[in-house]
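Visitor: To start, I am sharing the structure in question, which I have written as structure tokens.
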Amino acid sequence: MSALLALRNHFGSARLVALQLFSTAGLGMVYPYINLYLTEIGFSGTLIGTLASVGAILTLALTPLLNQIADRFMLHRRLLMFYFGGFALASIIFATTQSHLLVILAVLLFRVTTGPSMTLGAQLTLTQLIRSGKKIFGQMRSFSALGFAVSSAMAGQVFALGGYSLIFTIGAILSLISVQLSTIFPAKPKEKVKPDSGPTQPRNRGIYVLAASQFFVSMCTHNAFAFLFIHLSQNLSVNISDIGIWAAMLAVVEFPFYYLTDALLPRVRLRVTYIFGIVGVALTTLCIGIVPNLEMLVLLFICRGVAWPAYQLSSYRLMNTISHPRNVATNQAIVQVTMPGIALLLTGSLYGWAYDHLGAGPFYALCALACAAGVCIVLVGYRLFDRATDRSAG
């Protein structure tokens with residue numbers, strides 16, 4: 001009991017921590033096995049990439065519309081519940097049918113709900129923490145990594161017991177639990193913020209530099225991760241039942257760095273942290289395609305565990321720092337949802353074709369090359385950021 005009270009006093013609410021755990025636990029149970037399931041029932045890499053592109057189109061079309069409705073009527077909590085419910089429905093379809101048409105619909109529903117739910121959940125969590133005066137966003141994100149890790153580690157045993165059907169069923173249950181936990185957020189804010197009637201503030205030019213960089217980094221990360229577990233199964237002889245263990249390892253190594261970031265980031269310039277993160281992501285992505293054995297792959301995952309939190313959290317904070325308060329939410333959506341969506345739309349099919357016809361080595365080299373382009377853009381446009389970015393606490 002004392003441990004629970006200490007947790008509540010430190011983080012504000014045990015339910016908020018539970019939401020971080022369960023929302024990513026559903027994803028950790030399902031995500032590593034979706035593309036493996038698709039290949040099992042006859043989907044090609046090209047078709048998988050094409051579905052990612054179509055899902056990106058739908059995400060680009062629906063996310064701004066749904067967010068606009070949520071902003072107008074203050075329905076952010078209901079929108080988050082809708083996303084979790086959509087994820088659960090997609091998982092149920094995966095669990096109950098092999099009909100290609102229904103599976104395609106489930107894949108698209110999964111694409112439309114997963115990314116926006118993670119972004120909206122992070123935004124609502126950050127708002128909740130600010131409201132309570134707690135600067136522990138990185139620590140909260142560490143529980144998200146922990147939830148993904150635990151469920152992914154259990155997924156292998158679940159698969160051994162009941163195959164894909166049981167995997168997806170449990171994923172749906174975890175998502176439905178997340179729907180209930182979402183009630184930690186207020187249905188509507190107590191006071192609606194009145195819009196500022198002053199002149200529109202011009203965007204800092206550094207925002208466009210960051211958005212362009214995110215386009216290429218997302219081209220790398222989304223396509224590389226989409227085929228990671230297929231690569232492990234087909235080229236590194238990892239058993240299907242062990243895929244969850246490797247997915248868990250990705251998240252486990254991230255946990256301590258997410259947890260410590262609240263203390264470390266204020267000591268380093270955000271631009272430097274962002275560049276360090278994407279350089280690390282680029283190098284580890286390149287090496288994944290040519291790693292000769294699983295022992296070396298473990299070392300790569302550890303290196304990625306340092307780079308990924310640095311990249312992701314610095315991108316959130318960097319955009320927050322260089323944005324005017326009046327348009328910071330819009331700018332975050334551009335970086336976290338729009339640019340990855342456009343990147344997948346334009347390159348998903350191409351990268352799927354590359355994996356099918358060129359093999360894992362050239363495929364991951366192309367992913368790393370895109371990430372390197374994102375680094376170069378930030379280096380060239382480094383001086384376009386405000387001086388305020390020199391203070392990471394902004």
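Residues in the structure tokens are named by chain (A, B, ... in the order shown) and by number from 1 within that chain; ligands are numbered from 1 in the order shown.
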Using backbone DSSP assignments, extract all alpha helix (DSSP H) residues from region 49-275 of chain A; output them as a PyMOL selection string.
Guide: chain A and resi 49-73+76-96+100-131+137-181+205-226+228-235+243-264+270-275
Visitor: Excluding Tyr33 (chain A) and its own-chain neighbours fewer than 6 positions away, which residues fall within 8 Å of it when counting only C-alpha atoms? Please give them as a count of residues only.
Guide: 3
Visitor: Which residues, written as a VMD selection string, have at least one atom at most 6 Å from region 109-125 of chain A, with only C-alpha atoms counted and residues fewer than 4 positions away on the same chain left out?
Guide: chain A and resid 55 59 80 83 87 90
Visitor: For C-alpha atoms, I'd like the residues from the last selection saved as a PDB file, in the first residue's frame.
Guide:
```
ATOM      1  CA  GLY A  55      -3.074   3.906 -44.496  1.00  0.00           C
ATOM      2  CA  THR A  59      -4.415   9.105 -41.678  1.00  0.00           C
ATOM      3  CA  LEU A  80      -8.707   8.878 -27.661  1.00  0.00           C
ATOM      4  CA  TYR A  83      -8.799   5.345 -31.375  1.00  0.00           C
ATOM      5  CA  PHE A  87      -7.401  -0.676 -32.551  1.00  0.00           C
ATOM      6  CA  ALA A  90      -8.810  -4.298 -35.965  1.00  0.00           C
TER       7      ALA A  90
END
```
Visitor: What does the distance from CA of Leu146 (chain A) to CA of Leu19 (chain A) come to in Å, to one decimal?
Guide: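 About the pair CA of Leu146 (chain A) and CA of Leu19 (chain A): they are 11.7 Å apart.
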Visitor: So, counting only C-alpha atoms, which residue among A:Gly163, A:Gly85, A:Gly206, A:Gly361 is closest to Ser175 (chain A)?
Guide: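 Residue with the minimum atom-to-atom distance to Ser175 (chain A): A:Gly85.
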Visitor: For Leu36 (chain A), find every residue with an atom within 12 Å (counting only C-alpha atoms), except residues of its own chain fewer than 5 positions away, and show them as a PDB file with N, CA and C atoms, in the first residue's frame.
Guide:
```pdb
ATOM      1  N   VAL A  30       0.561  -6.936 -30.303  1.00  0.00           N
ATOM      2  CA  VAL A  30       0.060  -7.122 -31.666  1.00  0.00           C
ATOM      3  C   VAL A  30       1.068  -6.734 -32.740  1.00  0.00           C
ATOM      4  N   TYR A  31       1.718  -5.590 -32.578  1.00  0.00           N
ATOM      5  CA  TYR A  31       2.481  -5.003 -33.677  1.00  0.00           C
ATOM      6  C   TYR A  31       3.565  -5.913 -34.251  1.00  0.00           C
ATOM      7  N   ILE A  41      -0.389 -15.400 -44.546  1.00  0.00           N
ATOM      8  CA  ILE A  41      -1.604 -15.637 -45.334  1.00  0.00           C
ATOM      9  C   ILE A  41      -1.442 -15.187 -46.791  1.00  0.00           C
ATOM     10  N   GLY A  42      -0.185 -14.886 -47.205  1.00  0.00           N
ATOM     11  CA  GLY A  42       0.084 -14.685 -48.624  1.00  0.00           C
ATOM     12  C   GLY A  42       0.280 -13.262 -49.098  1.00  0.00           C
ATOM     13  N   PHE A  43       0.418 -12.303 -48.223  1.00  0.00           N
ATOM     14  CA  PHE A  43       0.656 -10.917 -48.631  1.00  0.00           C
ATOM     15  C   PHE A  43       2.140 -10.750 -48.983  1.00  0.00           C
ATOM     16  N   SER A  44       2.431 -10.066 -50.083  1.00  0.00           N
ATOM     17  CA  SER A  44       3.811  -9.794 -50.481  1.00  0.00           C
ATOM     18  C   SER A  44       4.322  -8.538 -49.778  1.00  0.00           C
ATOM     19  N   GLY A  45       5.650  -8.356 -49.807  1.00  0.00           N
ATOM     20  CA  GLY A  45       6.231  -7.150 -49.237  1.00  0.00           C
ATOM     21  C   GLY A  45       5.739  -5.899 -49.938  1.00  0.00           C
ATOM     22  N   ILE A  48       2.302  -5.149 -48.652  1.00  0.00           N
ATOM     23  CA  ILE A  48       2.391  -4.621 -47.295  1.00  0.00           C
ATOM     24  C   ILE A  48       2.803  -3.154 -47.315  1.00  0.00           C
ATOM     25  N   PHE A  94      -8.308  -9.436 -37.111  1.00  0.00           N
ATOM     26  CA  PHE A  94      -7.128 -10.282 -37.326  1.00  0.00           C
ATOM     27  C   PHE A  94      -7.300 -11.647 -36.660  1.00  0.00           C
ATOM     28  N   GLY A 163      -1.284 -19.340 -31.038  1.00  0.00           N
ATOM     29  CA  GLY A 163      -1.035 -18.808 -32.363  1.00  0.00           C
ATOM     30  C   GLY A 163      -1.459 -17.352 -32.509  1.00  0.00           C
ATOM     31  N   TYR A 164      -1.624 -16.938 -33.777  1.00  0.00           N
ATOM     32  CA  TYR A 164      -1.967 -15.550 -34.066  1.00  0.00           C
ATOM     33  C   TYR A 164      -3.313 -15.156 -33.466  1.00  0.00           C
ATOM     34  N   ALA A 226       8.792  -1.567 -40.097  1.00  0.00           N
ATOM     35  CA  ALA A 226       7.735  -2.376 -40.705  1.00  0.00           C
ATOM     36  C   ALA A 226       8.242  -3.749 -41.129  1.00  0.00           C
ATOM     37  N   PHE A 227       9.519  -3.827 -41.520  1.00  0.00           N
ATOM     38  CA  PHE A 227      10.062  -5.090 -42.011  1.00  0.00           C
ATOM     39  C   PHE A 227      11.070  -5.717 -41.045  1.00  0.00           C
ATOM     40  N   LEU A 228      11.235  -5.122 -39.860  1.00  0.00           N
ATOM     41  CA  LEU A 228      12.245  -5.622 -38.932  1.00  0.00           C
ATOM     42  C   LEU A 228      11.989  -7.066 -38.525  1.00  0.00           C
ATOM     43  N   PHE A 229      10.768  -7.378 -38.125  1.00  0.00           N
ATOM     44  CA  PHE A 229      10.499  -8.716 -37.602  1.00  0.00           C
ATOM     45  C   PHE A 229      10.403  -9.749 -38.719  1.00  0.00           C
ATOM     46  N   ILE A 230      10.025  -9.317 -39.924  1.00  0.00           N
ATOM     47  CA  ILE A 230      10.115 -10.214 -41.077  1.00  0.00           C
ATOM     48  C   ILE A 230      11.574 -10.554 -41.345  1.00  0.00           C
ATOM     49  N   HIS A 231      12.443  -9.543 -41.255  1.00  0.00           N
ATOM     50  CA  HIS A 231      13.878  -9.746 -41.462  1.00  0.00           C
ATOM     51  C   HIS A 231      14.450 -10.706 -40.424  1.00  0.00           C
ATOM     52  N   LEU A 232      14.070 -10.537 -39.170  1.00  0.00           N
ATOM     53  CA  LEU A 232      14.561 -11.436 -38.123  1.00  0.00           C
ATOM     54  C   LEU A 232      14.130 -12.871 -38.388  1.00  0.00           C
ATOM     55  N   SER A 233      12.897 -13.037 -38.834  1.00  0.00           N
ATOM     56  CA  SER A 233      12.376 -14.385 -39.069  1.00  0.00           C
ATOM     57  C   SER A 233      12.989 -15.017 -40.313  1.00  0.00           C
ATOM     58  N   GLN A 234      13.068 -14.258 -41.403  1.00  0.00           N
ATOM     59  CA  GLN A 234      13.490 -14.829 -42.680  1.00  0.00           C
ATOM     60  C   GLN A 234      14.997 -14.936 -42.827  1.00  0.00           C
ATOM     61  N   ASN A 239      12.840 -17.769 -34.439  1.00  0.00           N
ATOM     62  CA  ASN A 239      11.557 -18.446 -34.452  1.00  0.00           C
ATOM     63  C   ASN A 239      10.417 -17.443 -34.249  1.00  0.00           C
ATOM     64  N   ILE A 240       9.284 -17.739 -34.869  1.00  0.00           N
ATOM     65  CA  ILE A 240       8.125 -16.859 -34.733  1.00  0.00           C
ATOM     66  C   ILE A 240       7.756 -16.676 -33.262  1.00  0.00           C
ATOM     67  N   SER A 241       7.854 -17.749 -32.488  1.00  0.00           N
ATOM     68  CA  SER A 241       7.482 -17.669 -31.074  1.00  0.00           C
ATOM     69  C   SER A 241       8.452 -16.817 -30.264  1.00  0.00           C
ATOM     70  N   ILE A 243       9.827 -13.925 -31.557  1.00  0.00           N
ATOM     71  CA  ILE A 243       9.804 -12.557 -32.060  1.00  0.00           C
ATOM     72  C   ILE A 243       9.441 -11.573 -30.947  1.00  0.00           C
ATOM     73  N   GLY A 244       8.506 -11.956 -30.095  1.00  0.00           N
ATOM     74  CA  GLY A 244       8.092 -11.071 -29.012  1.00  0.00           C
ATOM     75  C   GLY A 244       9.232 -10.725 -28.073  1.00  0.00           C
TER      76      GLY A 244
END
```
